[in-house]
file coords-v4.pdb (PDB, C-alpha atoms and all ligand atoms)
ATOM      1  CA  MET J   1     -28.075  11.020  32.527
ATOM      2  CA  GLY J   2     -30.521  11.336  29.598
ATOM      3  CA  HIS J   3     -29.459  10.440  26.088
ATOM      4  CA  SER J   4     -29.405  13.980  24.725
ATOM      5  CA  SER J   5     -27.289  15.404  27.579
ATOM      6  CA  GLU J   6     -24.836  12.512  27.064
ATOM      7  CA  ASP J   7     -24.682  13.452  23.402
ATOM      8  CA  ALA J   8     -24.109  17.093  24.319
ATOM      9  CA  ALA J   9     -21.307  16.147  26.748
ATOM     10  CA  HIS J  10     -19.738  13.963  24.073
ATOM     11  CA  SER J  11     -19.922  16.712  21.502
ATOM     12  CA  ARG J  12     -18.334  19.196  23.989
ATOM     13  CA  ARG J  13     -15.495  16.733  24.664
ATOM     14  CA  SER J  14     -14.966  16.195  20.912
ATOM     15  CA  HIS J  15     -14.944  19.925  20.381
ATOM     16  CA  TYR J  16     -12.205  20.455  23.017
ATOM     17  CA  PHE J  17     -10.275  17.452  21.691
ATOM     18  CA  TYR J  18     -10.218  18.711  18.100
ATOM     19  CA  ALA J  19      -9.451  22.262  19.253
ATOM     20  CA  LEU J  20      -6.394  20.918  21.098
ATOM     21  CA  PHE J  21      -5.384  18.316  18.465
ATOM     22  CA  PRO J  22      -6.632  19.524  15.064
ATOM     23  CA  THR J  23      -5.404  16.344  13.381
ATOM     24  CA  MET J  24      -4.355  13.330  15.336
ATOM     25  CA  LYS J  25      -1.183  12.253  13.569
ATOM     26  CA  LEU J  26      -0.766   8.509  13.551
ATOM     27  CA  LEU J  27       2.697   8.241  11.983
ATOM     28  CA  GLN J  28       4.553  11.205  13.488
ATOM     29  CA  ASP J  29       8.306  10.964  12.690
ATOM     30  CA  LYS J  30       8.095   7.420  11.321
ATOM     31  CA  VAL J  31       9.999   6.662   8.117
ATOM     32  CA  ALA J  32       7.928   5.014   5.391
ATOM     33  CA  LEU J  33       9.163   3.538   2.121
ATOM     34  CA  ILE J  34       6.437   3.074  -0.493
ATOM     35  CA  THR J  35       6.989   1.480  -3.910
ATOM     36  CA  GLY J  36       5.103   2.638  -7.009
ATOM     37  CA  ALA J  37       3.798   5.924  -5.623
ATOM     38  CA  SER J  38       3.867   8.141  -8.714
ATOM     39  CA  ARG J  39       0.231   7.261  -9.449
ATOM     40  CA  GLY J  40      -2.890   5.575  -8.125
ATOM     41  CA  ILE J  41      -3.003   3.753  -4.809
ATOM     42  CA  GLY J  42       0.687   4.320  -3.972
ATOM     43  CA  GLU J  43       0.335   8.072  -4.466
ATOM     44  CA  ALA J  44      -2.712   8.155  -2.165
ATOM     45  CA  ILE J  45      -0.793   6.187   0.490
ATOM     46  CA  ALA J  46       2.198   8.542   0.280
ATOM     47  CA  LEU J  47      -0.057  11.599   0.729
ATOM     48  CA  LYS J  48      -1.988  10.005   3.605
ATOM     49  CA  PHE J  49       1.226   8.998   5.398
ATOM     50  CA  ALA J  50       2.734  12.496   4.993
ATOM     51  CA  GLU J  51      -0.485  14.068   6.271
ATOM     52  CA  HIS J  52      -0.020  11.883   9.343
ATOM     53  CA  GLY J  53       3.528  13.082   9.953
ATOM     54  CA  ALA J  54       5.597  10.345   8.297
ATOM     55  CA  ASN J  55       8.786  11.072   6.392
ATOM     56  CA  VAL J  56       8.213   9.431   3.033
ATOM     57  CA  ALA J  57      10.632   7.810   0.598
ATOM     58  CA  PHE J  58       8.888   6.471  -2.492
ATOM     59  CA  THR J  59       9.738   4.806  -5.786
ATOM     60  CA  TYR J  60       8.472   4.853  -9.356
ATOM     61  CA  LEU J  61       9.541   3.358 -12.671
ATOM     62  CA  SER J  62       9.221   6.031 -15.379
ATOM     63  CA  SER J  63       6.873   8.884 -14.348
ATOM     64  CA  ASP J  64       9.643  11.436 -13.611
ATOM     65  CA  GLU J  65       7.423  14.521 -13.668
ATOM     66  CA  ARG J  66       4.664  13.058 -11.525
ATOM     67  CA  ALA J  67       7.253  11.821  -9.010
ATOM     68  CA  ALA J  68       8.894  15.254  -8.763
ATOM     69  CA  ALA J  69       5.484  16.889  -8.286
ATOM     70  CA  LEU J  70       4.569  14.393  -5.563
ATOM     71  CA  GLU J  71       7.828  15.096  -3.731
ATOM     72  CA  GLY J  72       6.722  18.741  -3.484
ATOM     73  CA  ARG J  73       3.178  17.879  -2.396
ATOM     74  CA  LEU J  74       4.527  15.627   0.369
ATOM     75  CA  ALA J  75       7.053  18.192   1.566
ATOM     76  CA  ALA J  76       4.192  20.708   1.916
ATOM     77  CA  PHE J  77       3.025  18.647   4.916
ATOM     78  CA  GLY J  78       6.285  19.628   6.639
ATOM     79  CA  VAL J  79       7.858  16.168   6.346
ATOM     80  CA  LYS J  80      10.976  14.907   4.574
ATOM     81  CA  ALA J  81      10.120  13.418   1.182
ATOM     82  CA  LYS J  82      12.205  11.915  -1.592
ATOM     83  CA  ALA J  83      11.499  10.120  -4.859
ATOM     84  CA  PHE J  84      13.706   7.259  -6.043
ATOM     85  CA  LYS J  85      13.604   5.960  -9.604
ATOM     86  CA  SER J  86      14.004   2.272  -8.799
ATOM     87  CA  ASP J  87      12.745  -0.817 -10.611
ATOM     88  CA  ALA J  88      10.996  -2.999  -8.029
ATOM     89  CA  ALA J  89      11.616  -6.045 -10.229
ATOM     90  CA  GLN J  90      15.424  -5.792  -9.830
ATOM     91  CA  PHE J  91      16.998  -7.387  -6.758
ATOM     92  CA  SER J  92      20.133  -5.234  -6.892
ATOM     93  CA  ALA J  93      18.029  -2.052  -7.234
ATOM     94  CA  ALA J  94      16.115  -2.958  -4.066
ATOM     95  CA  GLU J  95      19.376  -3.431  -2.186
ATOM     96  CA  ALA J  96      20.693  -0.038  -3.339
ATOM     97  CA  LEU J  97      17.345   1.614  -2.557
ATOM     98  CA  ALA J  98      17.134   0.354   1.017
ATOM     99  CA  ASN J  99      20.744   1.389   1.672
ATOM    100  CA  GLU J 100      20.129   4.897   0.341
ATOM    101  CA  VAL J 101      16.903   5.339   2.292
ATOM    102  CA  VAL J 102      18.575   4.277   5.549
ATOM    103  CA  LYS J 103      21.488   6.633   4.807
ATOM    104  CA  GLU J 104      19.170   9.595   4.127
ATOM    105  CA  PHE J 105      16.280   8.921   6.513
ATOM    106  CA  GLY J 106      18.066   7.045   9.335
ATOM    107  CA  THR J 107      15.854   3.937   9.367
ATOM    108  CA  ILE J 108      12.786   2.303   7.786
ATOM    109  CA  ASP J 109       9.780   1.849  10.093
ATOM    110  CA  VAL J 110       7.156   1.053   7.454
ATOM    111  CA  CYS J 111       7.524  -0.575   4.036
ATOM    112  CA  VAL J 112       4.623  -0.677   1.590
ATOM    113  CA  ASN J 113       5.235  -3.052  -1.319
ATOM    114  CA  ASN J 114       2.682  -1.506  -3.644
ATOM    115  CA  ALA J 115       4.278  -1.404  -7.126
ATOM    116  CA  GLY J 116       2.536  -3.733  -9.524
ATOM    117  CA  ILE J 117       1.371  -4.293 -13.081
ATOM    118  CA  SER J 118      -1.328  -6.265 -14.861
ATOM    119  CA  ARG J 119      -0.998  -8.049 -18.211
ATOM    120  CA  ASP J 120      -4.388  -9.609 -18.726
ATOM    121  CA  ASN J 121      -4.847 -12.464 -21.173
ATOM    122  CA  LEU J 122      -6.604 -15.804 -21.364
ATOM    123  CA  LEU J 123      -4.186 -18.626 -20.621
ATOM    124  CA  LEU J 124      -4.390 -19.836 -24.230
ATOM    125  CA  ARG J 125      -2.855 -16.532 -25.322
ATOM    126  CA  LEU J 126      -0.727 -15.712 -22.260
ATOM    127  CA  SER J 127       2.917 -15.725 -23.348
ATOM    128  CA  GLU J 128       5.841 -16.880 -21.227
ATOM    129  CA  GLU J 129       7.186 -13.300 -21.363
ATOM    130  CA  GLN J 130       3.913 -11.897 -19.970
ATOM    131  CA  TRP J 131       3.866 -14.508 -17.195
ATOM    132  CA  ASP J 132       7.475 -13.717 -16.241
ATOM    133  CA  GLU J 133       6.908  -9.962 -16.408
ATOM    134  CA  VAL J 134       3.941 -10.088 -14.028
ATOM    135  CA  MET J 135       5.547 -12.516 -11.590
ATOM    136  CA  THR J 136       8.755 -10.488 -11.445
ATOM    137  CA  ALA J 137       7.154  -7.058 -11.083
ATOM    138  CA  ASN J 138       4.440  -8.170  -8.644
ATOM    139  CA  LEU J 139       5.830 -11.073  -6.595
ATOM    140  CA  LYS J 140       9.619 -11.160  -6.824
ATOM    141  CA  SER J 141       9.543  -7.403  -6.130
ATOM    142  CA  VAL J 142       8.012  -8.098  -2.714
ATOM    143  CA  TYR J 143      10.779 -10.588  -1.892
ATOM    144  CA  ASN J 144      13.432  -8.158  -3.228
ATOM    145  CA  LEU J 145      12.576  -5.248  -0.954
ATOM    146  CA  THR J 146      11.272  -7.098   2.098
ATOM    147  CA  LYS J 147      14.611  -8.923   2.325
ATOM    148  CA  GLN J 148      16.330  -5.554   2.500
ATOM    149  CA  VAL J 149      14.037  -3.626   4.861
ATOM    150  CA  ILE J 150      14.009  -6.299   7.554
ATOM    151  CA  ARG J 151      17.646  -5.457   8.341
ATOM    152  CA  PRO J 152      16.982  -1.949   9.748
ATOM    153  CA  MET J 153      13.689  -3.185  11.221
ATOM    154  CA  MET J 154      15.411  -6.022  13.109
ATOM    155  CA  LYS J 155      17.980  -3.539  14.389
ATOM    156  CA  ALA J 156      15.197  -1.226  15.627
ATOM    157  CA  ARG J 157      13.183  -4.209  16.912
ATOM    158  CA  LYS J 158      10.056  -2.865  15.225
ATOM    159  CA  GLY J 159       8.524  -2.543  11.814
ATOM    160  CA  SER J 160       5.392  -2.834   9.719
ATOM    161  CA  ILE J 161       5.455  -4.371   6.240
ATOM    162  CA  ILE J 162       2.359  -3.941   4.086
ATOM    163  CA  ASN J 163       2.015  -5.882   0.844
ATOM    164  CA  MET J 164      -0.501  -4.945  -1.855
ATOM    165  CA  SER J 165      -2.304  -8.103  -2.870
ATOM    166  CA  SER J 166      -5.725  -8.101  -4.545
ATOM    167  CA  ILE J 167      -9.160  -9.645  -4.247
ATOM    168  CA  VAL J 168      -8.112 -11.456  -7.442
ATOM    169  CA  GLY J 169      -5.346 -13.194  -5.466
ATOM    170  CA  VAL J 170      -7.972 -14.470  -3.021
ATOM    171  CA  ALA J 171     -10.762 -15.412  -5.429
ATOM    172  CA  GLY J 172      -9.075 -15.757  -8.873
ATOM    173  CA  ASN J 173     -10.324 -14.105 -12.076
ATOM    174  CA  GLY J 174     -10.664 -15.438 -15.607
ATOM    175  CA  GLY J 175      -8.178 -13.704 -17.910
ATOM    176  CA  GLN J 176      -5.877 -12.820 -15.023
ATOM    177  CA  SER J 177      -4.151 -16.111 -14.163
ATOM    178  CA  ALA J 178      -0.656 -14.604 -13.933
ATOM    179  CA  TYR J 179      -1.845 -11.561 -11.980
ATOM    180  CA  ALA J 180      -3.934 -13.750  -9.636
ATOM    181  CA  ALA J 181      -1.021 -16.146  -9.077
ATOM    182  CA  SER J 182       1.315 -13.252  -8.252
ATOM    183  CA  LYS J 183      -1.190 -11.743  -5.813
ATOM    184  CA  ALA J 184      -1.925 -15.123  -4.168
ATOM    185  CA  GLY J 185       1.845 -15.632  -3.853
ATOM    186  CA  ILE J 186       2.054 -12.347  -1.976
ATOM    187  CA  ILE J 187      -0.434 -13.665   0.575
ATOM    188  CA  GLY J 188       1.621 -16.809   1.285
ATOM    189  CA  PHE J 189       4.757 -14.698   1.541
ATOM    190  CA  THR J 190       3.063 -12.216   3.892
ATOM    191  CA  LYS J 191       1.886 -14.927   6.286
ATOM    192  CA  SER J 192       5.313 -16.596   6.293
ATOM    193  CA  ILE J 193       7.149 -13.353   7.073
ATOM    194  CA  ALA J 194       4.669 -12.614   9.880
ATOM    195  CA  LEU J 195       5.530 -16.035  11.365
ATOM    196  CA  GLU J 196       9.286 -15.626  10.856
ATOM    197  CA  LEU J 197       9.645 -12.117  12.229
ATOM    198  CA  GLY J 198       6.875 -11.707  14.797
ATOM    199  CA  SER J 199       9.333 -12.408  17.620
ATOM    200  CA  ARG J 200      11.348  -9.382  16.407
ATOM    201  CA  ASN J 201       8.239  -7.164  16.691
ATOM    202  CA  ILE J 202       7.991  -6.911  12.899
ATOM    203  CA  ARG J 203       4.442  -7.164  11.591
ATOM    204  CA  CYS J 204       3.556  -8.140   8.029
ATOM    205  CA  ASN J 205       0.073  -7.806   6.538
ATOM    206  CA  ALA J 206      -1.526  -7.703   3.108
ATOM    207  CA  ILE J 207      -4.310  -5.566   1.685
ATOM    208  CA  ALA J 208      -6.652  -7.105  -0.880
ATOM    209  CA  PRO J 209      -8.357  -4.252  -2.744
ATOM    210  CA  GLY J 210     -11.299  -4.827  -5.035
ATOM    211  CA  PHE J 211     -11.812  -2.551  -8.041
ATOM    212  CA  ILE J 212     -10.190   0.818  -7.320
ATOM    213  CA  GLU J 213     -10.357   3.849  -9.616
ATOM    214  CA  THR J 214      -6.804   4.120 -11.028
ATOM    215  CA  ASP J 215      -5.068   3.848 -14.403
ATOM    216  CA  MET J 216      -4.983   0.070 -13.890
ATOM    217  CA  THR J 217      -8.783  -0.204 -13.998
ATOM    218  CA  HIS J 218      -9.564   2.513 -16.562
ATOM    219  CA  TYR J 219     -10.276  -0.064 -19.222
ATOM    220  CA  LEU J 220     -13.028  -1.590 -17.052
ATOM    221  CA  LYS J 221     -14.795   1.756 -16.852
ATOM    222  CA  ASP J 222     -14.518   2.232 -20.603
ATOM    223  CA  GLY J 223     -16.364  -1.062 -21.024
ATOM    224  CA  GLY J 224     -19.237   0.267 -18.872
ATOM    225  CA  ALA J 225     -18.644   0.323 -15.130
ATOM    226  CA  GLU J 226     -22.298  -0.382 -14.291
ATOM    227  CA  GLN J 227     -22.025  -4.053 -15.261
ATOM    228  CA  TRP J 228     -19.443  -4.465 -12.475
ATOM    229  CA  PHE J 229     -21.485  -2.641  -9.858
ATOM    230  CA  SER J 230     -24.009  -5.500  -9.676
ATOM    231  CA  LYS J 231     -21.162  -7.674  -8.302
ATOM    232  CA  ILE J 232     -20.148  -5.103  -5.662
ATOM    233  CA  PRO J 233     -22.478  -4.770  -2.637
ATOM    234  CA  LEU J 234     -21.453  -1.112  -2.163
ATOM    235  CA  ALA J 235     -22.290  -0.638  -5.880
ATOM    236  CA  ARG J 236     -19.270   1.477  -6.812
ATOM    237  CA  PHE J 237     -15.532   1.270  -7.407
ATOM    238  CA  GLY J 238     -13.308   2.206  -4.476
ATOM    239  CA  LYS J 239     -11.104   5.290  -4.329
ATOM    240  CA  PRO J 240      -7.318   5.124  -3.810
ATOM    241  CA  GLU J 241      -7.797   7.122  -0.582
ATOM    242  CA  GLU J 242      -9.957   4.316   0.818
ATOM    243  CA  ILE J 243      -7.063   1.879   0.388
ATOM    244  CA  ALA J 244      -4.701   4.468   1.869
ATOM    245  CA  ASP J 245      -6.854   4.500   5.026
ATOM    246  CA  VAL J 246      -6.358   0.741   5.431
ATOM    247  CA  ALA J 247      -2.611   1.156   4.864
ATOM    248  CA  LEU J 248      -2.553   3.954   7.478
ATOM    249  CA  PHE J 249      -4.148   1.622  10.019
ATOM    250  CA  LEU J 250      -1.656  -1.168   9.271
ATOM    251  CA  ALA J 251       1.320   1.212   9.336
ATOM    252  CA  SER J 252       0.360   2.818  12.631
ATOM    253  CA  ASP J 253       0.429   1.547  16.194
ATOM    254  CA  MET J 254      -3.379   1.296  15.954
ATOM    255  CA  SER J 255      -2.731  -2.179  14.503
ATOM    256  CA  SER J 256       0.010  -3.190  16.973
ATOM    257  CA  TYR J 257      -1.551  -6.652  17.522
ATOM    258  CA  VAL J 258      -2.411  -7.313  13.859
ATOM    259  CA  SER J 259       0.002  -9.468  11.848
ATOM    260  CA  GLY J 260      -0.184 -12.130   9.151
ATOM    261  CA  GLN J 261      -3.593 -10.903   7.980
ATOM    262  CA  VAL J 262      -5.157 -10.131   4.621
ATOM    263  CA  ILE J 263      -7.525  -7.183   4.888
ATOM    264  CA  SER J 264     -10.018  -6.980   2.046
ATOM    265  CA  ALA J 265     -11.152  -3.527   0.940
ATOM    266  CA  CYS J 266     -13.462  -4.465  -1.873
ATOM    267  CA  GLY J 267     -16.848  -2.897  -1.236
ATOM    268  CA  GLY J 268     -18.076  -6.196   0.195
ATOM    269  CA  MET J 269     -17.316  -8.358  -2.870
ATOM    270  CA  ASN J 270     -15.290 -10.825  -0.824
ATOM    271  CA  THR J 271     -17.357 -11.946   2.137
TER     272      THR J 271
HETATM  273  P1  LIG J 301      -1.195   2.121 -11.268
HETATM  274  O1  LIG J 301      -2.155   3.254 -11.192
HETATM  275  O2  LIG J 301      -0.987   1.425 -12.572
HETATM  276  O3  LIG J 301       0.213   2.608 -10.673
HETATM  277  C1  LIG J 301       1.278   1.710 -10.597
HETATM  278  C2  LIG J 301       2.421   2.336  -9.875
HETATM  279  O4  LIG J 301       3.460   1.366  -9.740
HETATM  280  C3  LIG J 301       3.033   3.515 -10.615
HETATM  281  O5  LIG J 301       3.501   4.448  -9.675
HETATM  282  C4  LIG J 301       4.189   2.865 -11.359
HETATM  283  O6  LIG J 301       5.262   3.780 -11.671
HETATM  284  C5  LIG J 301       4.652   1.857 -10.351
HETATM  285  N1  LIG J 301       5.386   0.727 -10.911
HETATM  286  C6  LIG J 301       4.980  -0.190 -11.801
HETATM  287  N2  LIG J 301       5.955  -1.080 -12.046
HETATM  288  C7  LIG J 301       7.010  -0.714 -11.283
HETATM  289  C8  LIG J 301       8.319  -1.220 -11.082
HETATM  290  N3  LIG J 301       8.743  -2.306 -11.740
HETATM  291  N4  LIG J 301       9.140  -0.578 -10.231
HETATM  292  C9  LIG J 301       8.731   0.516  -9.557
HETATM  293  N5  LIG J 301       7.509   1.042  -9.698
HETATM  294  C10 LIG J 301       6.658   0.444 -10.546
HETATM  295  O7  LIG J 301      -1.631   0.941 -10.256
HETATM  296  P2  LIG J 301      -2.623   0.970  -9.003
HETATM  297  O8  LIG J 301      -3.986   0.651  -9.501
HETATM  298  O9  LIG J 301      -2.390   2.159  -8.168
HETATM  299  O10 LIG J 301      -2.110  -0.345  -8.236
HETATM  300  C11 LIG J 301      -1.191  -0.297  -7.170
HETATM  301  C12 LIG J 301      -1.103  -1.686  -6.558
HETATM  302  O11 LIG J 301      -2.401  -2.096  -6.109
HETATM  303  C13 LIG J 301      -0.655  -2.761  -7.552
HETATM  304  O12 LIG J 301       0.151  -3.708  -6.890
HETATM  305  C14 LIG J 301      -1.950  -3.405  -7.986
HETATM  306  O13 LIG J 301      -1.764  -4.710  -8.438
HETATM  307  C15 LIG J 301      -2.740  -3.340  -6.692
HETATM  308  N6  LIG J 301      -4.188  -3.417  -6.880
HETATM  309  C16 LIG J 301      -4.843  -2.491  -7.640
HETATM  310  C17 LIG J 301      -6.217  -2.606  -7.791
HETATM  311  C18 LIG J 301      -7.019  -1.623  -8.601
HETATM  312  O14 LIG J 301      -8.221  -1.864  -8.791
HETATM  313  N7  LIG J 301      -6.464  -0.530  -9.076
HETATM  314  C19 LIG J 301      -6.911  -3.658  -7.174
HETATM  315  C20 LIG J 301      -6.199  -4.566  -6.420
HETATM  316  C21 LIG J 301      -4.839  -4.438  -6.263
HETATM  317  P3  LIG J 301       5.285   4.656 -13.053
HETATM  318  O15 LIG J 301       4.222   5.725 -12.878
HETATM  319  O16 LIG J 301       6.641   5.205 -13.100
HETATM  320  O17 LIG J 301       4.928   3.701 -14.142
END

call {"tool": "encode", "arguments": {"input": "coords-v4.pdb", "output": "structure tokens"}}
result
Amino acid sequence: MGHSSEDAAHSRRSHYFYALFPTMKLLQDKVALITGASRGIGEAIALKFAEHGANVAFTYLSSDERAAALEGRLAAFGVKAKAFKSDAAQFSAAEALANEVVKEFGTIDVCVNNAGISRDNLLLRLSEEQWDEVMTANLKSVYNLTKQVIRPMMKARKGSIINMSSIVGVAGNGGQSAYAASKAGIIGFTKSIALELGSRNIRCNAIAPGFIETDMTHYLKDGGAEQWFSKIPLARFGKPEEIADVALFLASDMSSYVSGQVISACGGMNT
């Protein structure tokens, strides 16, 4: 068969496929719990998961209006969606959250520990309070909720846990020692949980984004984004949706043999 007739046959097959299955839903009827989804990367993940048929429970800290609006946008995909105002830094809040989600949604198939903050300062000026704030919100938060969600996952003998690390946790960054330490800690935690719970069919992976266009990186753009582009082979910041695509892969059965990994999505910065 010549190349062009193969192409034509392929295009006919694709046409029939998409006519029959307009969108292939990768998370149909799964229950996902996503922390910090009122803005930025978490919001993009929540929308992507709902588009792919997941029922979505998500948390936020203070953005009441944005959270209520997102609930509506998620429900428009025909899935169950609910916002929970829950501080990821609080152990007891994580316990209450997981219990409520299981009560309302039946189980938890996917947990995305995404909530996080940055408090950038050179070590000389970094206060003990700033260090503690970052470590608690970024690292202890991952322990808090993972400890809770593994209960329903062990019962169901399946689960996917996705932790939001950062390229800064892999490579370090001057002025971000606390943030980098918290994100590196997440990687060690992720690998350990993958080892501990693999035999229960629970997978645990981390995503290490580079610079993504959200509120967290606005200040970089104000300082002139172009100076950063020279360090990024793809010569641009990433979009939250591009991180959501990686999370979709890790949440779905497409990654059924992937565990204990750190997937960089950084425009090629980390090679
Ligand atoms: P963002 O735009 O600042 O949004 C942060 C989200 O987390 C908001 O929904 C916020 O809720 C929530 N949040 C913060 N602290 C919380 C807490 N204690 N409890 C519950 N929710 C909390 O951040 P982002 O850029 O999307 O970042 C999301 C994750 O990706 C973070 O872990 C970040 O470290 C990581 N990351 C980001 C980048 C980047 O370039 N943007 C790169 C690498 C890694 P409210 O709206 O209520 O405040």

call {"tool": "residues_around", "arguments": {"input": "coords-v4.pdb", "residues": "range 80-94 of chain J", "least_positions_apart": "4", "cutoff": "7 Å", "atoms": "only C-alpha atoms", "output": "tab-separated table (two decimals) with C-alpha atoms, in the frame of the given file"}}
result
chain	number	residue	atom	x	y	z
J	55	ASN	CA	8.79	11.07	6.39
J	56	VAL	CA	8.21	9.43	3.03
J	57	ALA	CA	10.63	7.81	0.60
J	58	PHE	CA	8.89	6.47	-2.49
J	59	THR	CA	9.74	4.81	-5.79
J	60	TYR	CA	8.47	4.85	-9.36
J	61	LEU	CA	9.54	3.36	-12.67
J	67	ALA	CA	7.25	11.82	-9.01
J	68	ALA	CA	8.89	15.25	-8.76
J	71	GLU	CA	7.83	15.10	-3.73
J	74	LEU	CA	4.53	15.63	0.37
J	75	ALA	CA	7.05	18.19	1.57
J	98	ALA	CA	17.13	0.35	1.02
J	115	ALA	CA	4.28	-1.40	-7.13
J	136	THR	CA	8.76	-10.49	-11.44
J	137	ALA	CA	7.15	-7.06	-11.08
J	140	LYS	CA	9.62	-11.16	-6.82
J	141	SER	CA	9.54	-7.40	-6.13
J	144	ASN	CA	13.43	-8.16	-3.23
J	145	LEU	CA	12.58	-5.25	-0.95

call {"tool": "resolve_selection", "arguments": {"input": "coords-v4.pdb", "expression": "the PyMOL selection byres (((chain J and resi 179-186) around 7) and not hetatm)", "output": "NGL selection string"}}
result
:J and (118 or 134-135 or 138-139 or 165-166 or 168-170 or 172-173 or 176-178 or 187-190)

call {"tool": "axis_aligned_box", "arguments": {"input": "coords-v4.pdb", "around": "ligand LIG 301 (chain J)", "padding_each_side": "4 Å", "output": "AutoDock Vina command-line options"}}
result
--center_x 0.5 --center_y 0.5 --center_z -10.1 --size_x 25.4 --size_y 18.4 --size_z 16.0

call {"tool": "atom_distance", "arguments": {"input": "coords-v4.pdb", "atom1": "CA of Ile212 in chain J", "atom2": "CA of Leu97 in chain J"}}
result
28.0 Å

call {"tool": "atom_distance", "arguments": {"input": "coords-v4.pdb", "atom1": "CA of Asp29 in chain J", "atom2": "CA of Ala251 in chain J"}}
result
12.5 Å

call {"tool": "closest_residue", "arguments": {"input": "coords-v4.pdb", "among": "J:Met269, J:Val31, J:Leu195, J:Ala37", "to": "Trp228 in chain J", "atoms": "all atoms listed in the file"}}
result
J:Met269

call {"tool": "closest_residue", "arguments": {"input": "coords-v4.pdb", "among": "J:Lys30, J:Arg39, J:Arg157, J:Arg236", "to": "ligand LIG 301 (chain J)", "atoms": "only C-alpha atoms and all ligand atoms"}}
result
J:Arg39

call {"tool": "closest_residue", "arguments": {"input": "coords-v4.pdb", "among": "J:Ala235, J:Ala206, J:Met164, J:Ala50", "to": "ligand LIG 301 (chain J)", "atoms": "only C-alpha atoms and all ligand atoms"}}
result
J:Met164

call {"tool": "residues_around", "arguments": {"input": "coords-v4.pdb", "residues": "range 257-267 of chain J", "least_positions_apart": "6", "cutoff": "8 Å", "atoms": "all atoms listed in the file", "output": "PyMOL selection string"}}
result
chain J and resi 166-167+187+190-195+198+203-211+232-238+242-243+246+250

call {"tool": "closest_residue", "arguments": {"input": "coords-v4.pdb", "among": "J:Phe77, J:Phe249, J:Phe105, J:Tyr219", "to": "ligand LIG 301 (chain J)", "atoms": "all atoms listed in the file"}}
result
J:Tyr219
